[in-house]
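Accompanying notes for the structure given below.
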Amino acid sequence: MSQRVAVAVRNASVANRYRYIPKMPRWFYSFVPFKVATGGSSALVSLYLLELGGSASTVGLTFALASLASMLGALFWGRLSDRTLRRKPFILLGFASVPVFLTLMSLAKTPAQLIAVNTAYAFFLASTLSVPIALVLRSVRKHNWDYGIGKFNEVSGWGWVLGLVLGFGLSRFMTIPQLFLTFGLMGVPSIVMGERMIREVPIYINRRSIRAFGNYVVEKARYMPSFILHTNFSLPEGLRRFYLAFLLFWIAAGLYFPQMPVLLSDSGYSREIIYLALIANSAIAALNYTRVGAGMGRNKEGTLRKGLMLRTGAFIAVMVGIFLSPVLLPLAFASYALAGYSWTFISVSSTAIVSEKAGEKEKGSAMGTYNVISSAGYITGSAISGALISSAGFGATFGLGLALLGGSIALLRK
């Protein structure tokens, strides 16, 4: 009898576990063509800048300006959406910006033209960063917010990876302007799907009550805040060292990500190779995100330190490849893979730590401050990366990133 009871209890537990998994809103799928287009075209800006006669300095400046425009755009569109209590028009605006601006990029003839178009593109594209989160929160029950945002980012992440895979295949047969046009057309279905699937429902959200979510799937130059809440620089004591550590981390990320395609291109490797490296970075992150999040438990600080150590390994790998040029390619792939894998640990743990260390009434402002500091760090790293490479080389630039990561780890240990 006791064995039957145990089996019945176990079966009931399994049934309940699956019964309460919320259904994913259909409108999540309207983001798939959009993410395919943005993911597939993400590598093209750096490559086209170099093809038009730009340098590492040009690439660094481009990413810094785009990151700044993205941060300001997320604030602008998010607040405008809150004031008007509308979500759908801003999401559709972001969808429509893809075919418009990718077409304009294909027509650019100078680095200055491409930089101007890319900066405007980042500003309008930011309407798809801050606004959809509010819609996600309206689409699922409050106790399932973690799950809802996680699934939304999972769908978006795999769309991004699919775009990179398509970019790898098409880059063998198309020029960069043709790839811009192709990915612009791929983004058009999102406009139609969004118009049909997204329901406009007024939503009132107390943003201070929203917990911090660590549900980013891929780490790229577009990692500006996926939602920016209130910002308050009167920081809790326990968060000041943490924020400083992450400022160093994001400066290091700005030194690394914009310049890796430049390093591979300068070393004579083709667009297909660069796409493969980006696919490794994104796919490894997407594959491990759910597993890392489920296994983190209460050891958030340990999870974060592990992620930072893995990111340190990514910098070491590429630096060894630079000094031992015959093995640059495999070590660059290893570096990209470690960078993607490390992000799964860092993203999940860092936002959870911010949420826990802040007081109940300061969670929103603490997360907003974290996002602004992250943005400022990435902008700074991107802006100085090109000048450092021009004057001191890739080895010294990535060496500075490694030193900054060491400082971040030291601050967190204290």
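Residue names in the structure tokens use chain letters A, B, ... in the order shown, residue numbers from 1 in each chain, and ligand numbers from 1 in the order shown.
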For A:Phe63, work out the shell of residues within 9 Å, counting only C-alpha atoms and skipping chain neighbours fewer than 3 positions away, then give it as a ChimeraX atom specification. /A:46,58-60,66-68,115,118-119,221-222,254,258,379,382-383
Quick one: write out the picked residues with N, CA, C and O atoms as a short mmCIF file (atom, residue, chain, number, x, y, z; two decimals), in the first residue's frame?
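Written file, part-v2.cif:
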data_model
loop_
_atom_site.label_atom_id
_atom_site.label_comp_id
_atom_site.auth_asym_id
_atom_site.auth_seq_id
_atom_site.Cartn_x
_atom_site.Cartn_y
_atom_site.Cartn_z
N SER A 46 30.53 45.78 -38.74
CA SER A 46 32.00 45.80 -38.60
C SER A 46 32.68 45.46 -39.92
O SER A 46 33.64 46.12 -40.34
N THR A 58 37.51 53.15 -36.16
CA THR A 58 36.19 53.40 -36.71
C THR A 58 35.16 52.45 -36.13
O THR A 58 34.04 52.84 -35.77
N VAL A 59 35.52 51.18 -36.02
CA VAL A 59 34.62 50.18 -35.47
C VAL A 59 34.29 50.50 -34.01
O VAL A 59 33.13 50.44 -33.58
N GLY A 60 35.31 50.84 -33.23
CA GLY A 60 35.09 51.17 -31.83
C GLY A 60 34.16 52.36 -31.66
O GLY A 60 33.24 52.33 -30.83
N ALA A 66 26.46 53.61 -31.24
CA ALA A 66 25.25 52.79 -31.31
C ALA A 66 24.78 52.39 -29.92
O ALA A 66 23.58 52.38 -29.63
N SER A 67 25.72 52.07 -29.03
CA SER A 67 25.35 51.70 -27.67
C SER A 67 24.73 52.87 -26.92
O SER A 67 23.76 52.72 -26.18
N LEU A 68 25.30 54.06 -27.11
CA LEU A 68 24.73 55.26 -26.48
C LEU A 68 23.33 55.53 -27.02
O LEU A 68 22.40 55.82 -26.24
N ILE A 115 28.05 54.86 -40.26
CA ILE A 115 27.99 55.16 -38.82
C ILE A 115 26.71 55.94 -38.50
O ILE A 115 26.03 55.65 -37.51
N ASN A 118 23.68 53.58 -38.78
CA ASN A 118 23.69 52.59 -37.70
C ASN A 118 23.31 53.21 -36.35
O ASN A 118 22.64 52.58 -35.54
N THR A 119 23.73 54.45 -36.12
CA THR A 119 23.39 55.13 -34.86
C THR A 119 21.89 55.39 -34.79
O THR A 119 21.25 55.15 -33.76
N ALA A 221 27.03 43.13 -28.94
CA ALA A 221 27.17 44.58 -28.77
C ALA A 221 25.83 45.22 -28.49
O ALA A 221 25.76 46.34 -28.04
N ARG A 222 24.73 44.45 -28.75
CA ARG A 222 23.41 45.03 -28.50
C ARG A 222 22.97 44.80 -27.07
O ARG A 222 21.81 44.84 -26.75
N GLY A 254 33.49 45.84 -23.71
CA GLY A 254 33.57 46.79 -24.81
C GLY A 254 34.90 46.74 -25.54
O GLY A 254 34.97 47.03 -26.74
N PRO A 258 33.47 44.32 -29.89
CA PRO A 258 33.52 45.02 -31.18
C PRO A 258 34.77 44.71 -32.00
O PRO A 258 34.74 44.78 -33.23
N ILE A 379 30.00 51.38 -23.41
CA ILE A 379 30.28 52.52 -24.29
C ILE A 379 31.73 52.96 -24.14
O ILE A 379 32.42 53.22 -25.14
N SER A 382 34.09 50.35 -25.79
CA SER A 382 34.01 50.41 -27.25
C SER A 382 34.73 51.64 -27.78
O SER A 382 35.42 51.58 -28.80
N ALA A 383 34.55 52.77 -27.08
CA ALA A 383 35.11 54.03 -27.57
C ALA A 383 36.63 54.03 -27.56
O ALA A 383 37.27 54.58 -28.46
#
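Between atom CA of A:Ser342 and atom CA of A:Leu308 the separation is 6.7 Å.
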Name the residues in contact with A:Val318 at a cut-off of 6 Å, using only C-alpha atoms, excluding same-chain residues fewer than 4 positions from it; report them as a PyMOL selection string. chain A and resi 331-332+335
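The interatomic distance for the pair atom CA of A:Ala245 and atom CA of A:Ile409 works out to 7.2 Å.
The list of residues with at least one atom within 9 Å of A:Leu179, based on only C-alpha atoms and without residues fewer than 4 positions apart in the same chain, reads Gly40, Ser41, Leu44, Ser106, Gly167, Leu170, Ser171, Met174, Thr175, Phe183 and Gly184 of chain A.
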Neighbour list for A:Gly395 as a ChimeraX atom specification, cut-off 9 Å, only C-alpha atoms, skip fewer than 4 positions in-chain: /A:318-320,322-323,389,399-400
Stretch 154-164 of chain A surroundings by only C-alpha atoms, 7 Å radius, close-in-sequence under 4 positions cut, as a VMD selection string: chain A and resid 31 to 32 35 to 40 150 168 217 to 218 275 279 282 to 283 286
Could you please take those selected residues and save C-alpha atoms as an mmCIF file, in the first residue's frame?
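After the write, part.cif holds the following:
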data_model
loop_
_atom_site.group_PDB
_atom_site.id
_atom_site.type_symbol
_atom_site.label_atom_id
_atom_site.label_comp_id
_atom_site.auth_asym_id
_atom_site.auth_seq_id
_atom_site.Cartn_x
_atom_site.Cartn_y
_atom_site.Cartn_z
ATOM 1 C CA PHE A 31 9.775 38.395 -32.784
ATOM 2 C CA VAL A 32 11.345 35.422 -34.588
ATOM 3 C CA LYS A 35 15.548 38.406 -34.452
ATOM 4 C CA VAL A 36 16.620 36.394 -37.496
ATOM 5 C CA ALA A 37 17.129 39.657 -39.388
ATOM 6 C CA THR A 38 18.930 41.484 -36.585
ATOM 7 C CA GLY A 39 21.048 38.472 -35.668
ATOM 8 C CA GLY A 40 22.068 37.747 -39.238
ATOM 9 C CA GLY A 150 12.833 33.725 -19.741
ATOM 10 C CA PHE A 168 27.060 32.040 -42.659
ATOM 11 C CA VAL A 217 20.290 34.593 -23.860
ATOM 12 C CA VAL A 218 23.031 36.038 -26.030
ATOM 13 C CA TYR A 275 29.952 34.038 -38.710
ATOM 14 C CA ILE A 279 27.376 31.194 -33.973
ATOM 15 C CA SER A 282 25.478 32.596 -29.290
ATOM 16 C CA ALA A 283 24.517 28.927 -29.495
ATOM 17 C CA ALA A 286 21.481 29.670 -25.515
#
Counting only C-alpha atoms, the residue among A:Thr312, A:Ser391, A:Ser70, A:Ser190 that lies closest to A:Ala376 is A:Ser70
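In this structure, atom CA of A:Ile284 sits 26.3 Å away from atom CA of A:Met71.
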Excluding same-chain residues fewer than 6 positions from A:Phe398, what lies within 12 Å of it counting only C-alpha atoms, as number ranges by chain? A: 251-260, 263, 311-323, 335, 381, 384-386, 388-389, 392, 404-405
Tell me which of A:Ala43, A:Ala126, A:Leu104, A:Leu72 sits closest to A:Ser375, counting only C-alpha atoms. A:Leu72
